[in-house]
Structure formats: C-alpha cells, structure tokens
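Structure data (mmCIF, C-alpha atoms) from protein.cif:
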```
data_coords
loop_
_atom_site.label_atom_id
_atom_site.label_comp_id
_atom_site.auth_asym_id
_atom_site.auth_seq_id
_atom_site.Cartn_x
_atom_site.Cartn_y
_atom_site.Cartn_z
CA MET A 1 88.97 111.55 117.50
CA ILE A 2 90.96 114.33 119.09
CA PRO A 3 93.74 113.65 121.58
CA TYR A 4 94.52 115.78 124.60
CA ALA A 5 96.58 118.86 123.74
CA PHE A 6 100.37 118.56 123.77
CA HIS A 7 103.41 120.43 122.51
CA TYR A 8 105.14 119.08 119.44
CA HIS A 9 108.90 119.31 118.94
CA ARG A 10 110.85 118.04 115.98
CA ALA A 11 114.25 116.98 117.27
CA LYS A 12 117.16 117.86 115.00
CA SER A 13 119.59 115.55 116.79
CA LEU A 14 119.64 112.80 119.38
CA ALA A 15 121.22 115.22 121.85
CA GLU A 16 118.36 117.65 121.34
CA ALA A 17 115.83 114.85 121.84
CA GLU A 18 117.54 113.87 125.09
CA ALA A 19 117.57 117.46 126.31
CA LEU A 20 113.88 117.89 125.50
CA LEU A 21 113.03 114.61 127.26
CA ALA A 22 114.94 115.70 130.34
CA LYS A 23 113.04 118.99 130.44
CA SER A 24 109.52 117.59 130.69
CA PRO A 25 108.80 114.50 132.79
CA GLU A 26 105.58 113.79 130.89
CA ALA A 27 107.15 114.01 127.44
CA LYS A 28 107.15 111.07 125.06
CA LEU A 29 109.18 110.22 122.00
CA LEU A 30 107.35 110.02 118.70
CA ALA A 31 108.89 107.65 116.17
CA GLY A 32 106.39 106.03 113.81
CA GLY A 33 103.49 106.81 116.13
CA GLN A 34 101.47 103.80 115.00
CA THR A 35 100.81 102.73 118.59
CA LEU A 36 101.26 105.99 120.47
CA ILE A 37 98.96 108.10 118.32
CA ALA A 38 96.23 105.47 118.47
CA ALA A 39 96.53 105.45 122.28
CA MET A 40 96.45 109.25 122.37
CA LYS A 41 93.34 109.36 120.22
CA MET A 42 91.61 107.01 122.64
CA ARG A 43 92.84 109.36 125.38
CA LEU A 44 94.64 106.44 126.99
CA ALA A 45 97.88 108.44 126.84
CA GLN A 46 98.36 112.08 127.70
CA PRO A 47 101.93 113.19 127.07
CA SER A 48 102.67 116.87 127.74
CA ASP A 49 105.10 116.96 124.84
CA LEU A 50 105.87 114.83 121.82
CA ILE A 51 109.45 114.79 120.67
CA ASP A 52 109.52 113.67 117.08
CA ILE A 53 112.66 111.65 116.32
CA SER A 54 111.39 110.21 113.04
CA GLY A 55 113.51 112.64 111.02
CA LEU A 56 116.82 111.62 112.60
CA LYS A 57 118.83 110.09 109.77
CA GLU A 58 121.39 108.61 112.18
CA LEU A 59 118.68 106.29 113.56
CA SER A 60 117.69 104.89 110.19
CA PHE A 61 120.12 102.36 108.73
CA ILE A 62 120.71 98.67 108.12
CA ARG A 63 124.28 97.41 108.01
CA ARG A 64 126.33 94.30 108.45
CA SER A 65 128.91 94.63 111.20
CA GLY A 66 131.10 91.55 111.62
CA ASP A 67 128.88 88.65 112.66
CA ALA A 68 125.89 90.88 113.35
CA LEU A 69 123.18 92.67 111.44
CA VAL A 70 122.70 96.11 112.95
CA ILE A 71 119.48 98.01 112.43
CA GLY A 72 118.92 101.62 113.46
CA ALA A 73 116.06 102.15 115.91
CA GLY A 74 114.27 104.50 113.54
CA THR A 75 114.25 102.03 110.65
CA LYS A 76 110.76 101.42 109.40
CA HIS A 77 109.23 97.95 109.11
CA GLN A 78 108.90 98.38 105.35
CA ASP A 79 112.62 99.05 105.02
CA VAL A 80 113.55 95.98 107.07
CA ALA A 81 111.09 93.85 105.09
CA THR A 82 112.51 94.88 101.72
CA SER A 83 116.20 95.21 102.60
CA GLU A 84 118.41 92.94 100.49
CA GLU A 85 120.88 92.80 103.38
CA VAL A 86 118.23 91.56 105.82
CA LYS A 87 116.78 89.11 103.29
CA ARG A 88 120.22 87.68 102.67
CA THR A 89 121.49 87.49 106.28
CA ILE A 90 118.34 86.89 108.39
CA PRO A 91 115.44 86.16 106.02
CA ALA A 92 113.18 85.28 108.97
CA LEU A 93 113.55 88.85 110.21
CA ALA A 94 112.57 90.28 106.83
CA HIS A 95 109.57 87.95 106.82
CA LEU A 96 108.57 89.05 110.33
CA ALA A 97 108.74 92.74 109.34
CA GLU A 98 106.69 92.04 106.23
CA ILE A 99 103.74 90.70 108.22
CA ILE A 100 103.52 93.43 110.86
CA GLY A 101 100.20 95.30 110.66
CA ASP A 102 99.46 96.46 107.12
CA PRO A 103 101.46 98.31 104.44
CA ALA A 104 100.51 101.80 105.69
CA VAL A 105 101.50 100.89 109.24
CA ARG A 106 104.77 99.39 107.99
CA HIS A 107 105.56 102.66 106.21
CA MET A 108 105.55 104.49 109.56
CA GLY A 109 106.25 102.03 112.39
CA THR A 110 109.82 101.54 113.58
CA ILE A 111 111.79 98.68 115.12
CA GLY A 112 112.94 100.82 118.05
CA GLY A 113 109.40 101.94 118.77
CA SER A 114 108.12 98.37 118.71
CA LEU A 115 110.83 97.13 121.09
CA ALA A 116 110.49 100.06 123.49
CA ASN A 117 106.72 99.65 123.61
CA ASN A 118 107.00 95.89 124.22
CA ASP A 119 103.40 95.17 123.33
CA PRO A 120 102.67 91.59 124.46
CA ALA A 121 101.52 90.77 120.92
CA ALA A 122 104.12 92.69 118.91
CA ASP A 123 106.38 90.77 116.53
CA TYR A 124 109.81 92.31 117.02
CA PRO A 125 110.27 91.35 120.68
CA ALA A 126 110.15 87.67 119.63
CA ALA A 127 112.90 88.23 117.07
CA ALA A 128 115.08 90.21 119.47
CA LEU A 129 114.76 87.58 122.19
CA ALA A 130 115.21 84.53 119.96
CA LEU A 131 118.14 86.01 118.06
CA ASP A 132 119.89 87.04 121.29
CA ALA A 133 119.94 90.64 120.12
CA THR A 134 121.59 93.52 121.92
CA ILE A 135 119.60 96.72 122.21
CA LYS A 136 121.80 99.80 122.22
CA THR A 137 120.59 103.01 123.80
CA THR A 138 121.94 106.49 124.41
CA ARG A 139 123.35 105.14 127.68
CA ARG A 140 124.26 101.46 127.39
CA ALA A 141 123.89 98.14 125.60
CA ILE A 142 121.20 95.77 126.92
CA ALA A 143 120.88 92.06 126.14
CA ALA A 144 117.39 91.11 124.96
CA ASP A 145 117.21 88.60 127.84
CA ASP A 146 117.36 91.58 130.24
CA PHE A 147 115.45 94.12 128.15
CA PHE A 148 111.86 92.85 128.23
CA THR A 149 110.60 92.90 131.80
CA GLY A 150 106.83 92.49 131.48
CA MET A 151 103.68 93.66 129.77
CA PHE A 152 104.47 96.97 128.03
CA THR A 153 107.53 97.34 130.23
CA THR A 154 111.24 97.22 129.55
CA THR A 155 114.38 98.00 131.46
CA LEU A 156 114.62 101.39 129.70
CA GLU A 157 114.98 104.32 132.09
CA ASP A 158 113.38 107.73 131.83
CA GLY A 159 115.05 109.72 129.11
CA GLU A 160 116.89 106.75 127.63
CA ILE A 161 116.54 106.38 123.86
CA VAL A 162 116.97 103.17 121.87
CA THR A 163 119.43 103.86 119.06
CA GLU A 164 120.09 100.53 117.39
CA VAL A 165 119.55 96.79 117.59
CA SER A 166 122.31 94.32 116.88
CA PHE A 167 121.23 90.84 115.77
CA PRO A 168 123.96 88.19 115.72
CA VAL A 169 123.48 86.38 112.42
CA PRO A 170 122.03 82.93 113.26
CA GLU A 171 122.79 79.67 111.53
CA ARG A 172 119.08 79.21 110.95
CA ALA A 173 115.94 81.04 111.98
CA GLY A 174 112.22 80.94 111.32
CA TYR A 175 109.15 82.89 112.42
CA SER A 176 105.55 81.80 112.32
CA LYS A 177 102.61 83.81 113.52
CA PHE A 178 98.94 83.12 113.91
CA PRO A 179 97.60 86.64 113.51
CA ASN A 180 94.42 87.94 115.00
CA PRO A 181 92.29 88.17 111.85
CA ALA A 182 91.31 91.79 112.55
CA SER A 183 94.36 93.46 114.05
CA ARG A 184 97.13 91.22 112.65
CA TYR A 185 98.73 91.28 116.07
CA ALA A 186 100.00 87.85 117.10
CA MET A 187 97.57 85.50 118.85
CA ALA A 188 100.72 83.45 119.09
CA GLY A 189 103.96 84.03 117.25
CA VAL A 190 107.05 81.88 117.63
CA PHE A 191 110.56 82.80 116.56
CA VAL A 192 113.02 79.92 116.51
CA ALA A 193 116.74 80.52 116.07
CA LYS A 194 119.80 78.32 116.01
CA THR A 195 122.35 80.84 117.19
CA LYS A 196 126.00 80.72 118.16
CA SER A 197 124.93 80.98 121.79
CA GLY A 198 122.57 78.04 121.41
CA MET A 199 119.03 77.21 120.46
CA ARG A 200 116.50 79.91 121.29
CA VAL A 201 112.71 79.84 121.04
CA ALA A 202 110.74 83.01 121.82
CA VAL A 203 106.98 83.37 121.97
CA THR A 204 104.95 86.54 121.54
CA GLY A 205 101.21 87.14 121.71
CA ALA A 206 100.42 84.23 123.97
CA GLY A 207 101.52 85.56 127.35
CA PRO A 208 101.68 88.88 129.19
CA ALA A 209 105.07 89.48 127.56
CA VAL A 210 107.49 87.73 125.24
CA PHE A 211 109.00 84.58 126.79
CA ARG A 212 111.34 81.69 125.96
CA VAL A 213 110.49 77.99 125.96
CA PRO A 214 113.45 76.06 127.47
CA GLU A 215 111.92 72.58 126.83
CA MET A 216 111.70 73.28 123.14
CA GLU A 217 115.19 74.74 123.07
CA THR A 218 116.65 71.59 124.65
CA ALA A 219 114.75 69.32 122.28
CA LEU A 220 115.70 71.34 119.20
CA ALA A 221 119.34 71.45 120.26
CA LYS A 222 119.39 67.63 120.04
CA ASP A 223 117.35 67.39 116.88
CA PHE A 224 116.46 70.46 114.84
CA SER A 225 113.22 69.23 113.34
CA SER A 226 109.55 69.89 113.88
CA ALA A 227 109.15 66.24 114.95
CA ALA A 228 111.44 66.92 117.91
CA ILE A 229 108.92 69.25 119.53
CA THR A 230 105.68 67.53 118.56
CA ARG A 231 105.24 65.98 122.00
CA ILE A 232 106.11 69.07 124.01
CA SER A 233 102.96 70.54 125.45
CA ILE A 234 102.86 74.14 126.56
CA SER A 235 101.16 74.90 129.84
CA ALA A 236 98.22 77.28 129.57
CA GLU A 237 98.92 78.65 133.01
CA GLY A 238 99.59 82.36 132.91
CA LEU A 239 98.81 82.67 129.20
CA ASN A 240 96.39 85.28 127.91
CA SER A 241 92.67 84.58 127.81
CA ASP A 242 90.45 87.10 126.07
CA ILE A 243 87.63 87.41 123.53
CA HIS A 244 90.03 86.32 120.80
CA GLY A 245 91.04 83.04 122.38
CA SER A 246 91.43 81.14 125.63
CA ALA A 247 94.73 80.36 127.32
CA ASP A 248 94.33 76.70 126.31
CA TYR A 249 93.85 77.71 122.69
CA ARG A 250 96.92 79.93 122.79
CA ALA A 251 98.98 77.16 124.41
CA HIS A 252 98.00 74.90 121.54
CA LEU A 253 98.82 77.61 118.99
CA VAL A 254 102.31 78.03 120.44
CA GLY A 255 103.03 74.38 119.68
CA VAL A 256 101.72 74.65 116.14
CA MET A 257 103.51 77.92 115.42
CA ALA A 258 106.76 76.56 116.85
CA LYS A 259 106.62 73.58 114.49
CA ARG A 260 105.93 75.85 111.53
CA ALA A 261 108.76 78.16 112.58
CA VAL A 262 111.18 75.22 112.66
CA GLU A 263 109.97 74.10 109.23
CA ALA A 264 110.43 77.64 107.93
CA ALA A 265 113.95 77.70 109.36
CA LEU A 266 114.75 74.47 107.52
CA GLU A 267 113.52 75.72 104.13
CA MET B 1 99.29 126.34 117.13
CA ALA B 2 101.87 126.06 114.41
CA VAL B 3 102.00 126.98 110.77
CA VAL B 4 102.21 123.82 108.70
CA SER B 5 103.71 124.23 105.24
CA LEU B 6 103.60 121.35 102.84
CA THR B 7 102.96 120.41 99.25
CA VAL B 8 99.57 118.89 98.57
CA ASN B 9 98.84 117.52 95.12
CA ALA B 10 101.80 119.48 93.73
CA LYS B 11 100.61 122.78 95.20
CA PRO B 12 102.44 124.46 98.10
CA VAL B 13 100.11 125.27 100.99
CA SER B 14 100.53 126.80 104.44
CA ALA B 15 97.94 126.85 107.18
CA GLN B 16 97.60 127.02 110.94
CA ALA B 17 97.10 123.77 112.82
CA GLU B 18 97.01 122.82 116.46
CA ASP B 19 99.81 120.43 117.37
CA ARG B 20 97.21 117.76 118.04
CA THR B 21 95.42 118.12 114.70
CA LEU B 22 95.54 114.86 112.80
CA LEU B 23 96.61 115.05 109.17
CA VAL B 24 93.23 113.75 108.00
CA TYR B 25 91.37 116.63 109.68
CA PHE B 26 93.88 119.13 108.33
CA LEU B 27 93.31 117.84 104.79
CA ARG B 28 89.54 117.69 105.09
CA GLU B 29 88.66 120.67 107.25
CA THR B 30 91.49 123.13 106.80
CA LEU B 31 92.26 122.46 103.14
CA GLY B 32 88.76 121.31 102.15
CA LEU B 33 90.04 118.12 100.51
CA THR B 34 87.18 115.88 101.56
CA GLY B 35 88.02 113.04 99.19
CA THR B 36 90.13 111.54 101.97
CA HIS B 37 87.63 109.84 104.23
CA ILE B 38 87.41 109.08 107.93
CA GLY B 39 85.99 105.61 108.47
CA CYS B 40 87.02 104.00 111.73
CA ASP B 41 89.38 106.67 113.03
CA THR B 42 91.31 103.89 114.76
CA SER B 43 93.80 103.01 112.03
CA GLN B 44 91.95 99.86 110.98
CA CYS B 45 89.94 100.73 107.89
CA GLY B 46 92.25 102.61 105.53
CA ALA B 47 89.64 105.06 104.18
CA CYS B 48 92.07 107.87 105.08
CA VAL B 49 95.12 106.56 103.18
CA VAL B 50 97.14 109.28 101.44
CA HIS B 51 100.71 109.33 100.14
CA VAL B 52 103.30 111.12 102.25
CA ASN B 53 106.65 111.51 100.48
CA GLY B 54 105.65 108.73 98.11
CA ARG B 55 104.47 106.19 100.67
CA ALA B 56 100.93 105.19 101.58
CA VAL B 57 100.09 106.11 105.18
CA LYS B 58 96.96 106.40 107.26
CA SER B 59 96.34 110.12 107.69
CA CYS B 60 94.31 109.45 110.84
CA SER B 61 97.47 108.12 112.50
CA MET B 62 99.75 111.05 111.87
CA PHE B 63 99.67 114.64 113.07
CA ALA B 64 99.58 117.46 110.54
CA VAL B 65 102.73 119.00 112.10
CA GLN B 66 104.61 115.78 111.35
CA ALA B 67 103.90 116.40 107.67
CA ASP B 68 105.46 119.87 107.72
CA GLY B 69 107.72 120.04 104.67
CA ALA B 70 106.31 116.82 103.20
CA GLU B 71 104.84 116.11 99.80
CA ILE B 72 101.33 114.76 100.02
CA VAL B 73 99.14 113.25 97.36
CA THR B 74 95.46 112.70 98.04
CA ILE B 75 92.80 111.09 95.88
CA GLU B 76 92.12 114.56 94.41
CA GLY B 77 95.67 114.62 93.04
CA LEU B 78 95.55 111.45 90.97
CA ALA B 79 93.59 112.51 87.89
CA LYS B 80 95.60 114.60 85.43
CA ASP B 81 94.16 117.06 82.91
CA GLY B 82 90.65 115.75 83.39
CA LYS B 83 91.79 112.17 82.78
CA LEU B 84 91.39 109.55 85.49
CA HIS B 85 94.45 107.77 86.84
CA PRO B 86 94.69 104.22 85.43
CA VAL B 87 93.77 102.80 88.86
CA GLN B 88 90.68 105.02 89.06
CA GLU B 89 89.77 104.00 85.53
CA ALA B 90 90.20 100.32 86.43
CA PHE B 91 87.92 100.66 89.47
CA ARG B 92 85.28 102.23 87.17
CA GLU B 93 85.69 99.58 84.48
CA ASN B 94 85.62 96.64 86.90
CA HIS B 95 82.88 97.96 89.16
CA GLY B 96 85.39 98.02 92.04
CA LEU B 97 83.05 99.83 94.40
CA GLN B 98 79.53 99.91 95.65
CA CYS B 99 78.86 102.68 98.17
CA GLY B 100 82.24 104.21 97.45
CA PHE B 101 83.13 105.22 100.97
CA CYS B 102 86.31 103.13 101.16
CA THR B 103 87.27 103.79 97.55
CA PRO B 104 89.64 106.78 97.99
CA GLY B 105 91.70 104.75 100.47
CA MET B 106 91.52 101.62 98.32
CA ILE B 107 92.76 103.53 95.29
CA MET B 108 95.59 105.30 97.16
CA THR B 109 96.65 101.93 98.61
CA ALA B 110 96.44 100.34 95.16
CA VAL B 111 98.59 103.02 93.52
CA ASP B 112 101.22 102.55 96.24
CA MET B 113 100.99 98.75 95.96
CA ILE B 114 101.47 98.76 92.18
CA ARG B 115 104.43 101.12 92.49
CA ARG B 116 106.13 98.76 94.97
CA LYS B 117 105.09 95.52 93.28
CA PRO B 118 104.39 96.02 89.60
CA LYS B 119 103.66 92.29 89.12
CA LEU B 120 100.70 91.42 91.28
CA ASP B 121 98.72 88.23 91.65
CA ARG B 122 95.35 88.06 93.38
CA ALA B 123 96.72 86.54 96.60
CA THR B 124 99.30 89.32 96.91
CA ILE B 125 96.67 91.97 96.23
CA ARG B 126 94.49 90.56 99.00
CA ALA B 127 97.42 90.46 101.43
CA GLU B 128 98.36 94.02 100.52
CA LEU B 129 94.77 95.15 101.16
CA GLU B 130 95.10 94.04 104.77
CA GLY B 131 94.72 97.60 106.04
CA ASN B 132 91.73 98.57 103.91
CA ILE B 133 88.25 97.49 104.84
CA CYS B 134 85.27 97.44 102.47
CA ARG B 135 81.85 96.57 103.88
CA CYS B 136 80.03 96.28 100.55
CA THR B 137 81.87 94.46 97.84
CA GLY B 138 83.38 91.37 99.38
CA TYR B 139 86.60 92.63 97.73
CA HIS B 140 86.25 90.53 94.60
CA ASN B 141 85.91 93.42 92.17
CA ILE B 142 88.41 95.54 94.09
CA VAL B 143 91.00 92.81 93.57
CA SER B 144 90.02 92.57 89.89
CA SER B 145 90.34 96.34 89.51
CA ILE B 146 93.84 96.40 90.96
CA GLU B 147 94.90 93.38 88.94
CA ASP B 148 93.62 95.03 85.78
CA ALA B 149 95.27 98.36 86.60
CA ALA B 150 98.62 96.72 87.36
CA ARG B 151 98.50 94.81 84.07
CA LYS B 152 97.63 97.91 82.03
CA MET B 153 100.19 100.08 83.80
CA SER B 154 103.04 97.64 83.25
CA ALA B 155 102.07 97.29 79.59
CA ALA B 156 101.97 101.06 79.13
#
```
When written as structure tokens, how does the structure in this file appear?
Amino acid sequence: MIPYAFHYHRAKSLAEAEALLAKSPEAKLLAGGQTLIAAMKMRLAQPSDLIDISGLKELSFIRRSGDALVIGAGTKHQDVATSEEVKRTIPALAHLAEIIGDPAVRHMGTIGGSLANNDPAADYPAAALALDATIKTTRRAIAADDFFTGMFTTTLEDGEIVTEVSFPVPERAGYSKFPNPASRYAMAGVFVAKTKSGMRVAVTGAGPAVFRVPEMETALAKDFSSAAITRISISAEGLNSDIHGSADYRAHLVGVMAKRAVEAALE
Amino acid sequence: MAVVSLTVNAKPVSAQAEDRTLLVYFLRETLGLTGTHIGCDTSQCGACVVHVNGRAVKSCSMFAVQADGAEIVTIEGLAKDGKLHPVQEAFRENHGLQCGFCTPGMIMTAVDMIRRKPKLDRATIRAELEGNICRCTGYHNIVSSIEDAARKMSAA
C-alpha cells in the first residue's frame, strides 16, 4: 500500500517542530506512527508534511516528581511497560502499556501519540482520565477531564504539541480490558483509581470516547470492593454497536471489566 | 526523494527513496532483501518484522526515511558464516513452519522476544506472538520452536 505523497522532516528540536507545524496547515506530527501511518496507507489521511519528533530525546523520559509520575510524550509503550519506576509507583499503568497492541507496535507507539489521537478504543486515555492526569503541551497544562472532548478529538489546538503527562500517584489502581481478539483494541477497558482527588472510574472502548462512571465512583468510595459495584448496571444508550459487539454487550462488559479492575487494584 | 543511509545486516548502504516509501518496500525492492515479507500490509500479520536499532518493528508501518542512520537486521542477517541462528535451527528442528510465508517475521519476533525475556513459558510465547499471524500451523510447533531455542540459547 502506498500513501499519498508528502514531505518528510526530521525535527531536531521542539522549537523546530513547532515552526514546521506553523508553516504548513496540513502538516502532521509523526511520533510512533502506528496509527497515522496505517491511516495514510489506507489513504484516510493525507498530510502535506510529516514532522518526525520521534528522535527528540527531551520527549522521552520517565521520572518521579514529588507525588506524581511524569512521562515524556515520546516515551514508547515498551519503555513504560518495562520501567521499574512505573512498575513500582503505578503498576496498573505498566500493565496497561504491556497489553497495548503487540510487541512491535509497543516498540514504536508513544503515550503522547495515543493521547493526542484519542482513539475511542485506545488504552491510555482511560489511564489519564482515571488517574486525574495533567497533559502538558508546548502552550499549557490541561487536566484530563478537559482534554478528551469526543471521538478522535481533544482540546489540543493547531500547532500545539503534547510534551509530557503527569500522573498523580494513586493509592490504588487497576486496569482490565476485554480486547478485540483481532486488533487488541479495547472492546471495553476500565481503569479504576483511588486517587487523592477521589475515586475515579474511566471506560474506554465502549463509547464514542473515554468516559467516567459516577455511580461506580460513588459506590467504590464507600466500599472499595468488586461486590460494591455488582448491582450497578451500565446503560447501553450511546455505547458503540458494531460487528464486534452490540451496545448491550459492551454495557455488560463494562461491568465485568470494572469488577476485574477493582480486584486487580486490591491485589 | 531523499538519500537514505543506514546499516543493514552490518553493511552500510545508501539509496534513494521517496519520502512515502515504506521501509519494507525499500528493503525488498531497493535493496533486494526479499526475505522480509509483506502479508497483510495493515500492521496485523507481522510477516514484515525486522529489527531497527535492536527492537522488533513492523517494516510496513515505518517509512524508510525514518530509518535513516539506523541499524537494521533482517532475516538475511541472522545466519553467520553459513550457520543458522539458533532460532532458525530450532524452527527447522521442531517443524515450526508449513508454507513458510510468515516464518521470517516469526523468527525475527522470536529473536527479539528471547532477547527481552530469556526465560519463556508457552503462555508468554503465545502472548508475545500476538502480532504475528500464521495461517497454517495452528502455532503449536512455532511455540515449541521458540521454547526450544530459548532453552538452548540460555544454556549456551
């Protein structure tokens, strides 16, 4: 498969990437490319220019900063999955990264790319939302609650580049995903976190975009156990229905995955 | 068009490539290294897996220009001095293939997997093979091949 023609640029700095983005309105950033290149091959995307930021060392890091774990936007899934720091501070996040796609995809795909793309079935948006993360860009800091605005859309402006994600370290967290058997994208994935700002439950894969489940959060705040949410039924209204599963099926899966996520958080 | 310079199987090479040329086409058509296969071309099947700077990646999901300056190993680069790589040998010994189309990708994935996880059980091998599809074998002998190779390589 051959994509439409484009001009490739390898950015040597963030400033250069910003300048190149500003120059061509149809330019796109290339990080891991594991979604973008597939879309370009299908000719579903036709950027005039690709600005490769995968070589920017300043975007690739994992560090503890006070009460938060900060991960550079260019950090690859494989590096999050195997990081001792991530495994120690937020093991659920390491687990989530370890089950994205397949090993070859994890060697290329980045956390910043996943968040900016906001695929309705991607894993990272659930973690960012449940952990009350802050997404830092070249222009500002955005709370996860404000960042994800809908299917494949975020509050990012033209030319704005995600630089890092700050995850407040939770007391407990767990992630459970029912993957589509072919693509490994989430049919339903639930990230549960007991954070300093309260109980947070975020669902990916089931709806048009990642969303929280307030009923479960209230129930888990009173009693953090899988039994506490057994009777909560998720409405199928507005959930995705496609060849892989109906909205009713996904609603059911959300309940099951939420219970498993709580159990994982308690392990 | 750009000149792409990289190291492939320990040999430095330079060749012209369009910006939109995928690495797999560059390897196969420009460099003539047809051991790397194109199966699905949609990043599902893993027949095109090569190593870029020591990590397994799908060469259908990366542009050749992105690999400028990189070190690449393809299936052609595994055997040394006429001797098969232990993973290749294990696939032969354990009948880890039938038609052979997926095999280059399976072997490149296996070499990467064993490097990252020297101690492998069958469940881990199956999970690690998530991105490689075989339509003949049912995977049983592929898993046995990798298990055998990992055991022999850690003993060596």
Taking only residues of chain B that have an atom at most 8 Å from an atom of chain A, what is each one's shortest atom pair and its distance in Å to one decimal, using only C-alpha atoms, in chain and number order, as a Markdown table?
```
| residue | atom | partner | partner_atom | distance |
| --- | --- | --- | --- | --- |
| B:Asp19 | CA | A:Tyr8 | CA | 5.9 |
| B:Arg20 | CA | A:Ala5 | CA | 5.8 |
| B:Thr21 | CA | A:Ile2 | CA | 7.3 |
| B:Leu22 | CA | A:Ile2 | CA | 7.8 |
| B:Asp41 | CA | A:Met1 | CA | 6.6 |
| B:Thr42 | CA | A:Ala38 | CA | 6.4 |
| B:Ser43 | CA | A:Ala38 | CA | 7.3 |
| B:Gln44 | CA | A:Ser183 | CA | 7.5 |
| B:Val49 | CA | A:Ala104 | CA | 7.6 |
| B:Arg55 | CA | A:His107 | CA | 6.7 |
| B:Ala56 | CA | A:Ala104 | CA | 5.3 |
| B:Val57 | CA | A:Ala104 | CA | 4.4 |
| B:Lys58 | CA | A:Ala104 | CA | 6.0 |
| B:Ser61 | CA | A:Ile37 | CA | 6.0 |
| B:Met62 | CA | A:Gly33 | CA | 7.1 |
| B:Val65 | CA | A:Tyr8 | CA | 7.7 |
| B:Gln66 | CA | A:Asp52 | CA | 7.8 |
| B:Glu128 | CA | A:Pro103 | CA | 6.6 |
| B:Leu129 | CA | A:Asp102 | CA | 7.7 |
| B:Glu130 | CA | A:Asp102 | CA | 5.5 |
| B:Gly131 | CA | A:Asp102 | CA | 5.0 |
```
What's around Ala127 in chain A at 9 Å? Count only C-alpha atoms, leave out sequence neighbours fewer than 5 positions away in its own chain, and write the answer as JSON, numbers by chain.
{"A": [92, 93, 96, 132, 133, 167, 175, 190, 191, 192, 193, 202]}
Using only C-alpha atoms, determine which residues lie at most 9 Å from Ala149 in chain B, disregarding the query and same-chain residues fewer than 6 positions distant; provide the list as a list of chain:residue names.
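Using only C-alpha atoms, the neighbours found are B:Pro86, B:Val87, B:Gln88, B:Glu89, B:Ala90, B:Phe91, B:Ala110, B:Val111, B:Ile114.
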Hey, what's within 10 Å of range 23-31 of chain B if we count all atoms listed in the file and toss same-chain stuff fewer than 4 positions away? As a PyMOL selection string, please?
(chain A and resi 1-2) or (chain B and resi 4+8+13-18+35-38+41+48-50+58-67+72+74)
Have a look at B:Ala123, B:Cys136, B:Met153, B:Ala70 and name the one nearest to His95 in chain B; count only C-alpha atoms.
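Comparing B:Ala123, B:Cys136, B:Met153, B:Ala70 against His95 in chain B, the winner is B:Cys136.
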Each range 19-119 of chain A residue no farther than 6 Å from range 150-159 of chain A, nearest pair in Å, all atoms listed in the file, as a Markdown table:
```
| residue | atom | partner | partner_atom | distance |
| --- | --- | --- | --- | --- |
| A:Leu21 | CA | A:Gly159 | CA | 5.6 |
| A:Asn117 | CA | A:Phe152 | CA | 5.6 |
| A:Asn118 | CA | A:Phe152 | CA | 4.7 |
| A:Asp119 | CA | A:Phe152 | CA | 5.1 |
```
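Using all atoms listed in the file, the residues found no farther than 9 Å from Arg250 in chain A, other than those of its own chain fewer than 2 positions away, are Met187, Ala188, Gly205, Ala206, Gly207, Ala236, Leu239, Asn240, Ser241, Gly245, Ser246, Ala247, Asp248, His252, Leu253, Val254 and Gly255 of chain A.
Reported to one decimal place, the separation of CA of Pro179 in chain A from CA of Asp148 in chain B is 29.2 Å.
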For this file, the PyMOL selection byres ((chain B and resi 96) around 9) selects which residues, as a tab-separated table (two decimals) with C-alpha atoms, in the coordinates of the input?
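This is the output file expr-v4.tsv:
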```tsv
chain	number	residue	atom	x	y	z
B	90	ALA	CA	90.20	100.32	86.43
B	91	PHE	CA	87.92	100.66	89.47
B	92	ARG	CA	85.28	102.23	87.17
B	93	GLU	CA	85.69	99.58	84.48
B	94	ASN	CA	85.62	96.64	86.90
B	95	HIS	CA	82.88	97.96	89.16
B	97	LEU	CA	83.05	99.83	94.40
B	98	GLN	CA	79.53	99.91	95.65
B	100	GLY	CA	82.24	104.21	97.45
B	103	THR	CA	87.27	103.79	97.55
B	137	THR	CA	81.87	94.46	97.84
B	139	TYR	CA	86.60	92.63	97.73
B	140	HIS	CA	86.25	90.53	94.60
B	141	ASN	CA	85.91	93.42	92.17
B	142	ILE	CA	88.41	95.54	94.09
B	143	VAL	CA	91.00	92.81	93.57
B	144	SER	CA	90.02	92.57	89.89
B	145	SER	CA	90.34	96.34	89.51
B	146	ILE	CA	93.84	96.40	90.96
```
One decimal, in Å: what's the spacing between CA of Pro104 in chain B and CA of Lys83 in chain B?
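Pair CA of Pro104 in chain B / CA of Lys83 in chain B returns 16.3 Å.
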Point-to-point distance from CA of Cys45 in chain B to CA of Gly109 in chain A, Å rounded to tenths
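These atoms are spaced 17.0 Å apart.
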Which is closer to Leu20 in chain A than all the others in A:Val80, A:Leu44, A:Ile90, A:Ile51, using all atoms listed in the file?
A:Ile51
Hey, what comes out of the PyMOL selection byres ((chain A and resi 56) around 10) on this file? Could you write it as a ChimeraX atom specification?
/A:10-14,17,31,52-55,57-60,74
Emit the selected residues as a compact mmCIF listing (two decimals), in the frame of the given file, including C-alpha atoms.
```
# COMPACT_ATOMS: atom_id res chain seq x y z
CA ARG A 10 110.85 118.04 115.98
CA ALA A 11 114.25 116.98 117.27
CA LYS A 12 117.16 117.86 115.00
CA SER A 13 119.59 115.55 116.79
CA LEU A 14 119.64 112.80 119.38
CA ALA A 17 115.83 114.85 121.84
CA ALA A 31 108.89 107.65 116.17
CA ASP A 52 109.52 113.67 117.08
CA ILE A 53 112.66 111.65 116.32
CA SER A 54 111.39 110.21 113.04
CA GLY A 55 113.51 112.64 111.02
CA LYS A 57 118.83 110.09 109.77
CA GLU A 58 121.39 108.61 112.18
CA LEU A 59 118.68 106.29 113.56
CA SER A 60 117.69 104.89 110.19
CA GLY A 74 114.27 104.50 113.54
```
Quick one: range 31-52 of chain B with C-alpha atoms, as a CSV table (one decimal), in the first residue's frame?
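Written file, decode-v9.csv:
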```
chain,number,residue,atom,x,y,z
B,31,LEU,CA,17.9,-3.4,-1.6
B,32,GLY,CA,16.6,-6.8,-3.0
B,33,LEU,CA,16.2,-8.3,0.5
B,34,THR,CA,13.1,-10.2,-0.2
B,35,GLY,CA,13.3,-12.4,2.9
B,36,THR,CA,11.2,-9.8,4.7
B,37,HIS,CA,7.6,-10.5,3.6
B,38,ILE,CA,4.5,-8.4,3.0
B,39,GLY,CA,1.5,-10.3,4.3
B,40,CYS,CA,-1.4,-8.0,5.2
B,41,ASP,CA,0.2,-4.6,4.7
B,42,THR,CA,-2.0,-3.3,7.5
B,43,SER,CA,0.2,-4.0,10.5
B,44,GLN,CA,-1.7,-7.0,11.7
B,45,CYS,CA,0.3,-10.1,10.5
B,46,GLY,CA,3.9,-9.5,11.3
B,47,ALA,CA,5.4,-11.1,8.2
B,48,CYS,CA,7.4,-7.9,7.7
B,49,VAL,CA,9.1,-7.7,11.2
B,50,VAL,CA,12.7,-6.6,11.2
B,51,HIS,CA,14.9,-5.2,13.9
B,52,VAL,CA,15.5,-1.5,14.0
```
